[in-house]
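Colleague: Contents of final.pdb (PDB, C-alpha atoms) are given next:
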```pdb
ATOM      1  CA  MET A   1      95.690 139.115  54.480  1.00  0.00           C
ATOM      2  CA  LYS A   2      98.450 140.908  52.674  1.00  0.00           C
ATOM      3  CA  LYS A   3      99.197 139.459  49.255  1.00  0.00           C
ATOM      4  CA  TYR A   4     102.712 138.534  50.332  1.00  0.00           C
ATOM      5  CA  LEU A   5     101.464 136.548  53.319  1.00  0.00           C
ATOM      6  CA  TYR A   6      98.743 134.901  51.286  1.00  0.00           C
ATOM      7  CA  ARG A   7     101.185 133.905  48.570  1.00  0.00           C
ATOM      8  CA  SER A   8     103.471 132.517  51.260  1.00  0.00           C
ATOM      9  CA  PHE A   9     100.571 130.592  52.738  1.00  0.00           C
ATOM     10  CA  LEU A  10      99.630 129.154  49.340  1.00  0.00           C
ATOM     11  CA  ALA A  11     103.229 128.211  48.639  1.00  0.00           C
ATOM     12  CA  VAL A  12     103.577 126.412  51.965  1.00  0.00           C
ATOM     13  CA  PHE A  13     100.128 124.925  51.676  1.00  0.00           C
ATOM     14  CA  THR A  14     100.670 123.598  48.168  1.00  0.00           C
ATOM     15  CA  ALA A  15     104.016 122.162  49.170  1.00  0.00           C
ATOM     16  CA  VAL A  16     102.461 120.816  52.363  1.00  0.00           C
ATOM     17  CA  LEU A  17     100.110 118.665  50.353  1.00  0.00           C
ATOM     18  CA  ALA A  18     102.717 117.662  47.802  1.00  0.00           C
ATOM     19  CA  THR A  19     103.002 114.320  49.472  1.00  0.00           C
ATOM     20  CA  GLY A  20     101.427 110.908  49.454  1.00  0.00           C
ATOM     21  CA  ILE A  21     100.781 108.191  51.968  1.00  0.00           C
ATOM     22  CA  TYR A  22     102.359 104.733  52.161  1.00  0.00           C
ATOM     23  CA  PHE A  23     100.316 102.430  54.305  1.00  0.00           C
ATOM     24  CA  GLY A  24     101.620 100.298  57.156  1.00  0.00           C
ATOM     25  CA  CYS A  25     100.531  96.696  57.640  1.00  0.00           C
ATOM     26  CA  THR A  26      98.490  94.915  60.275  1.00  0.00           C
ATOM     27  CA  ASP A  27     100.190  92.831  62.950  1.00  0.00           C
ATOM     28  CA  ASP A  28     100.549  89.869  60.578  1.00  0.00           C
ATOM     29  CA  GLU A  29     102.134  92.186  57.976  1.00  0.00           C
ATOM     30  CA  THR A  30     100.024  90.656  55.199  1.00  0.00           C
ATOM     31  CA  SER A  31      97.373  93.324  54.587  1.00  0.00           C
ATOM     32  CA  LEU A  32      97.131  97.109  54.481  1.00  0.00           C
ATOM     33  CA  LEU A  33      95.360  99.122  57.151  1.00  0.00           C
ATOM     34  CA  PHE A  34      93.497 101.396  54.745  1.00  0.00           C
ATOM     35  CA  ASP A  35      92.885 102.068  51.081  1.00  0.00           C
ATOM     36  CA  LEU A  36      92.676 105.832  50.657  1.00  0.00           C
ATOM     37  CA  THR A  37      92.371 105.736  46.861  1.00  0.00           C
ATOM     38  CA  GLY A  38      89.958 108.407  45.690  1.00  0.00           C
ATOM     39  CA  ARG A  39      89.114 112.082  46.003  1.00  0.00           C
ATOM     40  CA  TRP A  40      89.429 114.058  49.250  1.00  0.00           C
ATOM     41  CA  ALA A  41      88.013 117.475  50.160  1.00  0.00           C
ATOM     42  CA  GLY A  42      89.142 119.759  52.955  1.00  0.00           C
ATOM     43  CA  TRP A  43      91.150 122.763  54.051  1.00  0.00           C
ATOM     44  CA  GLY A  44      94.485 124.103  55.182  1.00  0.00           C
ATOM     45  CA  ALA A  45      94.490 126.798  57.863  1.00  0.00           C
ATOM     46  CA  SER A  46      97.297 128.927  59.305  1.00  0.00           C
ATOM     47  CA  VAL A  47      97.250 132.005  61.543  1.00  0.00           C
ATOM     48  CA  ASP A  48      96.958 134.100  58.376  1.00  0.00           C
ATOM     49  CA  GLY A  49      93.801 132.409  57.098  1.00  0.00           C
ATOM     50  CA  GLY A  50      92.545 129.303  55.378  1.00  0.00           C
ATOM     51  CA  GLY A  51      91.955 127.821  51.956  1.00  0.00           C
ATOM     52  CA  ARG A  52      89.999 125.026  50.277  1.00  0.00           C
ATOM     53  CA  VAL A  53      91.929 122.035  49.004  1.00  0.00           C
ATOM     54  CA  GLU A  54      91.110 118.791  47.217  1.00  0.00           C
ATOM     55  CA  LEU A  55      93.363 115.801  46.906  1.00  0.00           C
ATOM     56  CA  ASP A  56      93.475 112.827  44.500  1.00  0.00           C
ATOM     57  CA  ILE A  57      95.077 109.671  45.885  1.00  0.00           C
ATOM     58  CA  VAL A  58      95.962 106.476  43.995  1.00  0.00           C
ATOM     59  CA  GLN A  59      97.199 103.522  46.049  1.00  0.00           C
ATOM     60  CA  ASP A  60      98.742 100.409  44.458  1.00  0.00           C
ATOM     61  CA  THR A  61      98.683  96.885  45.867  1.00  0.00           C
ATOM     62  CA  THR A  62     101.921  97.447  47.814  1.00  0.00           C
ATOM     63  CA  GLY A  63     100.606 100.525  49.587  1.00  0.00           C
ATOM     64  CA  LEU A  64     102.554 103.061  47.517  1.00  0.00           C
ATOM     65  CA  VAL A  65     100.465 106.187  46.952  1.00  0.00           C
ATOM     66  CA  THR A  66     100.756 108.888  44.309  1.00  0.00           C
ATOM     67  CA  GLY A  67      98.393 111.636  43.250  1.00  0.00           C
ATOM     68  CA  THR A  68      97.671 115.326  42.777  1.00  0.00           C
ATOM     69  CA  VAL A  69      96.730 118.145  45.129  1.00  0.00           C
ATOM     70  CA  TYR A  70      94.437 120.984  44.006  1.00  0.00           C
ATOM     71  CA  THR A  71      94.245 124.347  45.811  1.00  0.00           C
ATOM     72  CA  LEU A  72      90.873 125.899  44.975  1.00  0.00           C
ATOM     73  CA  ASP A  73      91.009 129.433  46.400  1.00  0.00           C
ATOM     74  CA  ASP A  74      92.729 132.535  45.002  1.00  0.00           C
ATOM     75  CA  LYS A  75      93.839 130.592  41.948  1.00  0.00           C
ATOM     76  CA  MET A  76      93.908 126.965  40.849  1.00  0.00           C
ATOM     77  CA  ASP A  77      97.218 125.244  41.606  1.00  0.00           C
ATOM     78  CA  THR A  78      98.094 121.583  41.122  1.00  0.00           C
ATOM     79  CA  LEU A  79     101.032 119.507  42.297  1.00  0.00           C
ATOM     80  CA  PRO A  80     101.919 115.783  42.122  1.00  0.00           C
ATOM     81  CA  PHE A  81     102.739 113.881  45.323  1.00  0.00           C
ATOM     82  CA  ALA A  82     104.065 110.594  46.750  1.00  0.00           C
ATOM     83  CA  GLY A  83     105.103 109.295  50.194  1.00  0.00           C
ATOM     84  CA  ASN A  84     104.582 106.688  52.975  1.00  0.00           C
ATOM     85  CA  LEU A  85     102.746 105.955  56.255  1.00  0.00           C
ATOM     86  CA  ALA A  86     102.941 103.369  59.075  1.00  0.00           C
ATOM     87  CA  ASP A  87     100.288 102.300  61.592  1.00  0.00           C
ATOM     88  CA  GLY A  88      97.797 104.872  60.331  1.00  0.00           C
ATOM     89  CA  HIS A  89     100.141 107.840  60.828  1.00  0.00           C
ATOM     90  CA  PHE A  90     101.995 109.682  58.076  1.00  0.00           C
ATOM     91  CA  SER A  91     105.227 111.580  58.649  1.00  0.00           C
ATOM     92  CA  GLY A  92     107.147 113.120  55.778  1.00  0.00           C
ATOM     93  CA  THR A  93     108.156 116.109  53.697  1.00  0.00           C
ATOM     94  CA  GLY A  94     106.358 117.918  50.893  1.00  0.00           C
ATOM     95  CA  TYR A  95     108.025 118.187  47.485  1.00  0.00           C
ATOM     96  CA  GLY A  96     107.615 121.808  46.473  1.00  0.00           C
ATOM     97  CA  VAL A  97     108.749 125.360  47.069  1.00  0.00           C
ATOM     98  CA  CYS A  98     109.013 125.157  50.851  1.00  0.00           C
ATOM     99  CA  ASN A  99     109.509 121.439  51.628  1.00  0.00           C
ATOM    100  CA  PRO A 100     107.474 121.394  54.871  1.00  0.00           C
ATOM    101  CA  HIS A 101     107.455 118.613  57.436  1.00  0.00           C
ATOM    102  CA  ILE A 102     104.023 116.938  57.432  1.00  0.00           C
ATOM    103  CA  GLU A 103     102.178 114.843  60.007  1.00  0.00           C
ATOM    104  CA  LEU A 104      98.834 113.220  59.081  1.00  0.00           C
ATOM    105  CA  THR A 105      96.695 110.734  60.987  1.00  0.00           C
ATOM    106  CA  VAL A 106      94.014 108.524  59.418  1.00  0.00           C
ATOM    107  CA  LYS A 107      90.685 108.586  61.299  1.00  0.00           C
ATOM    108  CA  LYS A 108      87.051 107.491  60.945  1.00  0.00           C
ATOM    109  CA  ASP A 109      87.953 104.088  59.448  1.00  0.00           C
ATOM    110  CA  GLY A 110      89.925 105.685  56.639  1.00  0.00           C
ATOM    111  CA  MET A 111      87.359 108.387  55.840  1.00  0.00           C
ATOM    112  CA  MET A 112      89.164 111.345  57.479  1.00  0.00           C
ATOM    113  CA  LEU A 113      92.703 112.773  57.517  1.00  0.00           C
ATOM    114  CA  VAL A 114      93.877 115.314  60.099  1.00  0.00           C
ATOM    115  CA  GLY A 115      97.282 116.767  60.755  1.00  0.00           C
ATOM    116  CA  THR A 116      99.697 119.663  60.522  1.00  0.00           C
ATOM    117  CA  ALA A 117     102.559 120.887  58.408  1.00  0.00           C
ATOM    118  CA  VAL A 118     105.445 123.180  59.345  1.00  0.00           C
ATOM    119  CA  ASP A 119     108.082 124.552  57.008  1.00  0.00           C
ATOM    120  CA  LYS A 120     111.658 124.594  58.335  1.00  0.00           C
ATOM    121  CA  ASP A 121     113.190 127.069  55.864  1.00  0.00           C
ATOM    122  CA  SER A 122     112.374 130.379  57.535  1.00  0.00           C
ATOM    123  CA  ALA A 123     114.596 132.294  55.094  1.00  0.00           C
ATOM    124  CA  THR A 124     112.238 131.864  52.144  1.00  0.00           C
ATOM    125  CA  CYS A 125     108.932 130.453  53.432  1.00  0.00           C
ATOM    126  CA  ASN A 126     106.222 131.053  56.022  1.00  0.00           C
ATOM    127  CA  THR A 127     106.992 128.860  59.057  1.00  0.00           C
ATOM    128  CA  ASP A 128     103.565 129.196  60.713  1.00  0.00           C
ATOM    129  CA  PRO A 129     101.983 125.766  61.298  1.00  0.00           C
ATOM    130  CA  VAL A 130      99.316 124.793  58.782  1.00  0.00           C
ATOM    131  CA  GLU A 131      96.391 122.740  60.096  1.00  0.00           C
ATOM    132  CA  LEU A 132      95.124 120.103  57.642  1.00  0.00           C
ATOM    133  CA  LEU A 133      91.682 118.469  57.494  1.00  0.00           C
ATOM    134  CA  PHE A 134      90.263 116.174  54.789  1.00  0.00           C
ATOM    135  CA  TYR A 135      87.176 114.014  54.296  1.00  0.00           C
ATOM    136  CA  LYS A 136      86.894 111.346  51.611  1.00  0.00           C
ATOM    137  CA  VAL A 137      84.476 112.205  48.805  1.00  0.00           C
ATOM    138  CA  ILE A 138      81.919 109.368  48.794  1.00  0.00           C
ATOM    139  CA  ALA A 139      78.198 109.083  48.061  1.00  0.00           C
ATOM    140  CA  ALA A 140      75.813 110.658  50.559  1.00  0.00           C
ATOM    141  CA  THR A 141      74.427 108.349  53.245  1.00  0.00           C
ATOM    142  CA  VAL A 142      72.267 110.995  54.971  1.00  0.00           C
ATOM    143  CA  ASP A 143      69.793 113.692  53.886  1.00  0.00           C
ATOM    144  CA  VAL A 144      70.160 117.134  55.491  1.00  0.00           C
ATOM    145  CA  SER A 145      67.060 118.648  53.861  1.00  0.00           C
ATOM    146  CA  GLY A 146      65.002 120.753  56.247  1.00  0.00           C
ATOM    147  CA  SER A 147      65.384 123.491  58.836  1.00  0.00           C
ATOM    148  CA  TRP A 148      68.105 123.509  61.464  1.00  0.00           C
ATOM    149  CA  ASN A 149      68.670 125.660  64.541  1.00  0.00           C
ATOM    150  CA  GLY A 150      72.366 126.129  65.117  1.00  0.00           C
ATOM    151  CA  THR A 151      75.073 127.749  67.220  1.00  0.00           C
ATOM    152  CA  HIS A 152      78.578 128.784  66.186  1.00  0.00           C
ATOM    153  CA  VAL A 153      81.449 129.590  68.541  1.00  0.00           C
ATOM    154  CA  GLY A 154      84.526 131.113  66.947  1.00  0.00           C
ATOM    155  CA  THR A 155      87.526 133.324  67.482  1.00  0.00           C
ATOM    156  CA  ASP A 156      85.458 136.347  66.374  1.00  0.00           C
ATOM    157  CA  GLY A 157      82.549 135.609  68.701  1.00  0.00           C
ATOM    158  CA  SER A 158      79.518 133.359  68.900  1.00  0.00           C
ATOM    159  CA  GLY A 159      75.887 133.380  67.831  1.00  0.00           C
ATOM    160  CA  ASN A 160      72.799 131.491  66.772  1.00  0.00           C
ATOM    161  CA  PHE A 161      71.414 130.895  63.301  1.00  0.00           C
ATOM    162  CA  LEU A 162      68.643 129.196  61.350  1.00  0.00           C
ATOM    163  CA  MET A 163      69.658 127.118  58.331  1.00  0.00           C
ATOM    164  CA  VAL A 164      67.102 126.044  55.730  1.00  0.00           C
ATOM    165  CA  VAL A 165      68.483 123.698  53.058  1.00  0.00           C
ATOM    166  CA  ASN A 166      67.372 121.259  50.376  1.00  0.00           C
ATOM    167  CA  GLN A 167      69.382 118.231  49.275  1.00  0.00           C
ATOM    168  CA  VAL A 168      69.111 116.639  45.821  1.00  0.00           C
ATOM    169  CA  GLY A 169      71.341 113.616  45.506  1.00  0.00           C
ATOM    170  CA  GLY A 170      74.506 114.731  47.259  1.00  0.00           C
ATOM    171  CA  ASN A 171      74.150 118.446  46.451  1.00  0.00           C
ATOM    172  CA  VAL A 172      72.805 120.962  48.966  1.00  0.00           C
ATOM    173  CA  THR A 173      71.512 124.531  48.519  1.00  0.00           C
ATOM    174  CA  GLY A 174      69.741 126.941  50.860  1.00  0.00           C
ATOM    175  CA  ASN A 175      70.101 129.935  53.154  1.00  0.00           C
ATOM    176  CA  ILE A 176      71.375 130.759  56.623  1.00  0.00           C
ATOM    177  CA  TYR A 177      69.527 133.409  58.651  1.00  0.00           C
ATOM    178  CA  ASP A 178      71.664 135.102  61.305  1.00  0.00           C
ATOM    179  CA  VAL A 179      70.707 138.295  63.216  1.00  0.00           C
ATOM    180  CA  GLY A 180      68.638 139.722  60.368  1.00  0.00           C
ATOM    181  CA  ASP A 181      71.115 138.731  57.646  1.00  0.00           C
ATOM    182  CA  THR A 182      70.521 136.129  54.961  1.00  0.00           C
ATOM    183  CA  THR A 183      73.502 134.309  53.439  1.00  0.00           C
ATOM    184  CA  ALA A 184      73.327 131.710  50.692  1.00  0.00           C
ATOM    185  CA  VAL A 185      74.834 128.339  51.520  1.00  0.00           C
ATOM    186  CA  HIS A 186      75.678 125.520  49.135  1.00  0.00           C
ATOM    187  CA  GLY A 187      77.657 122.337  49.368  1.00  0.00           C
ATOM    188  CA  ARG A 188      77.439 118.568  49.310  1.00  0.00           C
ATOM    189  CA  VAL A 189      77.173 115.567  51.571  1.00  0.00           C
ATOM    190  CA  LEU A 190      80.172 113.219  51.749  1.00  0.00           C
ATOM    191  CA  GLY A 191      78.907 110.051  53.387  1.00  0.00           C
ATOM    192  CA  ASN A 192      77.507 111.432  56.652  1.00  0.00           C
ATOM    193  CA  VAL A 193      79.500 114.693  56.499  1.00  0.00           C
ATOM    194  CA  PHE A 194      77.919 117.975  55.354  1.00  0.00           C
ATOM    195  CA  GLU A 195      80.448 120.188  53.557  1.00  0.00           C
ATOM    196  CA  GLY A 196      78.947 123.674  53.321  1.00  0.00           C
ATOM    197  CA  ILE A 197      80.199 126.989  51.932  1.00  0.00           C
ATOM    198  CA  LEU A 198      78.785 130.384  52.886  1.00  0.00           C
ATOM    199  CA  GLU A 199      79.438 132.757  49.999  1.00  0.00           C
ATOM    200  CA  ASP A 200      79.760 135.911  52.079  1.00  0.00           C
ATOM    201  CA  GLN A 201      81.250 138.704  49.964  1.00  0.00           C
ATOM    202  CA  VAL A 202      83.762 139.756  52.635  1.00  0.00           C
ATOM    203  CA  CYS A 203      84.632 136.562  54.515  1.00  0.00           C
ATOM    204  CA  PRO A 204      83.442 133.313  52.907  1.00  0.00           C
ATOM    205  CA  VAL A 205      83.235 130.354  55.293  1.00  0.00           C
ATOM    206  CA  ILE A 206      83.577 126.607  54.822  1.00  0.00           C
ATOM    207  CA  PHE A 207      82.333 124.096  57.397  1.00  0.00           C
ATOM    208  CA  TYR A 208      82.315 120.340  57.859  1.00  0.00           C
ATOM    209  CA  MET A 209      79.640 118.848  60.125  1.00  0.00           C
ATOM    210  CA  GLU A 210      79.158 115.160  60.859  1.00  0.00           C
ATOM    211  CA  VAL A 211      75.461 114.268  60.790  1.00  0.00           C
ATOM    212  CA  ASP A 212      73.914 111.935  63.362  1.00  0.00           C
ATOM    213  CA  GLY A 213      70.157 111.658  62.889  1.00  0.00           C
ATOM    214  CA  ASN A 214      68.610 115.037  63.662  1.00  0.00           C
ATOM    215  CA  SER A 215      71.809 116.676  64.906  1.00  0.00           C
ATOM    216  CA  MET A 216      75.149 117.599  63.398  1.00  0.00           C
ATOM    217  CA  SER A 217      78.358 119.153  64.634  1.00  0.00           C
ATOM    218  CA  GLY A 218      81.769 120.088  63.358  1.00  0.00           C
ATOM    219  CA  ARG A 219      84.144 122.929  62.592  1.00  0.00           C
ATOM    220  CA  PHE A 220      84.379 125.990  60.349  1.00  0.00           C
ATOM    221  CA  ILE A 221      87.031 128.412  59.062  1.00  0.00           C
ATOM    222  CA  SER A 222      87.056 131.628  57.061  1.00  0.00           C
ATOM    223  CA  ILE A 223      88.561 131.342  53.578  1.00  0.00           C
ATOM    224  CA  GLY A 224      89.335 133.614  50.645  1.00  0.00           C
ATOM    225  CA  GLY A 225      92.597 135.363  51.451  1.00  0.00           C
ATOM    226  CA  ASN A 226      91.281 138.522  53.141  1.00  0.00           C
ATOM    227  CA  VAL A 227      93.602 139.589  55.974  1.00  0.00           C
ATOM    228  CA  GLU A 228      90.575 140.250  58.207  1.00  0.00           C
ATOM    229  CA  CYS A 229      89.031 136.813  57.584  1.00  0.00           C
ATOM    230  CA  THR A 230      90.601 134.571  60.221  1.00  0.00           C
ATOM    231  CA  ASP A 231      87.535 133.390  62.135  1.00  0.00           C
ATOM    232  CA  ARG A 232      87.395 129.680  62.983  1.00  0.00           C
ATOM    233  CA  GLY A 233      85.650 127.521  65.531  1.00  0.00           C
ATOM    234  CA  THR A 234      82.929 124.966  66.162  1.00  0.00           C
ATOM    235  CA  VAL A 235      79.363 124.714  64.914  1.00  0.00           C
ATOM    236  CA  THR A 236      76.390 122.570  65.969  1.00  0.00           C
ATOM    237  CA  ALA A 237      72.825 122.305  64.683  1.00  0.00           C
ATOM    238  CA  ASN A 238      69.609 120.425  65.448  1.00  0.00           C
ATOM    239  CA  ARG A 239      66.844 119.692  62.987  1.00  0.00           C
ATOM    240  CA  VAL A 240      63.665 121.722  63.654  1.00  0.00           C
ATOM    241  CA  THR A 241      60.289 119.998  63.805  1.00  0.00           C
ATOM    242  CA  GLY A 242      56.964 121.760  63.146  1.00  0.00           C
ATOM    243  CA  LYS A 243      56.306 125.169  61.671  1.00  0.00           C
ATOM    244  CA  ILE A 244      58.981 127.820  62.073  1.00  0.00           C
ATOM    245  CA  LYS A 245      59.346 131.543  61.504  1.00  0.00           C
ATOM    246  CA  LYS A 246      62.289 133.073  59.637  1.00  0.00           C
TER     247      LYS A 246
END
```
Using structure tokens, write down the structure from this file.
Modeller:
Amino acid sequence: MKKYLYRSFLAVFTAVLATGIYFGCTDDETSLLFDLTGRWAGWGASVDGGGRVELDIVQDTTGLVTGTVYTLDDKMDTLPFAGNLADGHFSGTGYGVCNPHIELTVKKDGMMLVGTAVDKDSATCNTDPVELLFYKVIAATVDVSGSWNGTHVGTDGSGNFLMVVNQVGGNVTGNIYDVGDTTAVHGRVLGNVFEGILEDQVCPVIFYMEVDGNSMSGRFISIGGNVECTDRGTVTANRVTGKIKK
């Protein structure tokens, strides 16, 4: 994307995440719904492209949350945050350049955050909605080592691929073979979620796939700030048994 648009996206995106989460109580109003203290990994995606983001959250005994957001693409940016949530749904405003309105919902028993952010100040900031997705960074509970046959369906088309990866601890390395091309893939496993990054020189891709036995499925987006890299969609894969050909 053009540098101006990408800078606008980063400004909105950083401000988008400049917020925290205050947790609502259960029906008896004596305990909190979730404890989201810890590290979170994910993305922000607008019509102009996407970017990788990580988030640190610290929650006290009253439910007040503070922390820091880290944008990992283009350049490293950090920003403190604080805020509140009720009944597993956050609604608030980021404290930064663009002051966007933010909506986040807690899912997967407190292991996933999804939502959107929209800036209201069209005079100085990009008002395109920003889609937010985060998974909590926890120890791996599955092993994705092996060969996987997969299918991706995105805005730039669809196709099949073979993924061959090896997992050591929570770290994953390997290759993806797609229509005669070979692309390195690396990443990590967060609980039962495979976070993978394809280091394509033109349009890098990040995906998150939830693993269930010998199958996994999820979503992907292009990252990196190139105006032509806006592909996003769904991806599924099934573990291959027996001998295969690459």
Colleague: Using all atoms listed in the file, determine which residues lie at most 9 Å from A:Glu199, disregarding the query and same-chain residues fewer than 2 positions distant; provide the list as an mmCIF file with C-alpha atoms, in the coordinates of the input.
Modeller:
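selection_24.cif, freshly written:
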```
data_model
loop_
_atom_site.group_PDB
_atom_site.id
_atom_site.type_symbol
_atom_site.label_atom_id
_atom_site.label_comp_id
_atom_site.auth_asym_id
_atom_site.auth_seq_id
_atom_site.Cartn_x
_atom_site.Cartn_y
_atom_site.Cartn_z
ATOM 1 C CA THR A 183 73.502 134.309 53.439
ATOM 2 C CA ALA A 184 73.327 131.710 50.692
ATOM 3 C CA VAL A 185 74.834 128.339 51.520
ATOM 4 C CA HIS A 186 75.678 125.520 49.135
ATOM 5 C CA ILE A 197 80.199 126.989 51.932
ATOM 6 C CA GLN A 201 81.250 138.704 49.964
ATOM 7 C CA VAL A 202 83.762 139.756 52.635
ATOM 8 C CA CYS A 203 84.632 136.562 54.515
ATOM 9 C CA PRO A 204 83.442 133.313 52.907
ATOM 10 C CA VAL A 205 83.235 130.354 55.293
ATOM 11 C CA ILE A 206 83.577 126.607 54.822
#
```
Colleague: Determine, counting only C-alpha atoms, which protein, DNA and RNA residues have an atom within 7 Å of an atom of A:Val130; residues of the same chain fewer than 5 positions away are not included. Present the result as a list in words.
Modeller: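 Returned residues: Gly44, Ala45, Ser46, Thr116, Ala117 and Val118 of chain A.
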Colleague: For a test of reading the model, state the distance in Å between atom CA of A:Val58 and atom CA of A:Val193, rounded to one decimal.
Modeller: 22.2 Å
Colleague: Looking at A:Asn84, A:Thr105, A:Asn214, A:Asn149, which one is nearest to A:Thr62, with distances taken over all atoms listed in the file?
Modeller: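 The shortest atom-to-atom distance to A:Thr62 comes from A:Asn84.
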Colleague: Identify which of the residues A:Val240, A:Met111, A:Leu55, A:Leu133 lies closest to A:Gly67, counting all atoms listed in the file when measuring atom-to-atom distances.
Modeller: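 The shortest atom-to-atom distance to A:Gly67 comes from A:Leu55.
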Colleague: So the first atom is atom CA of A:Arg39 and the second is atom CA of A:Asp109; what is the distance between them in Å, to one decimal place?
Modeller: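 Going from atom CA of A:Arg39 over to atom CA of A:Asp109, I get 15.7 Å.
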Colleague: Looking at only C-alpha atoms, which of A:Thr234, A:Asn126, A:Thr37, A:Asn226 is the one that sits closest to A:Asp60?
Modeller: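 The answer is A:Thr37, which sits nearest to A:Asp60.
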Colleague: Quote the spacing between atom CA of A:Gly83 and atom CA of A:Gly50 in Å to one decimal place.
Modeller: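 Interatomic distance here is 24.2 Å.
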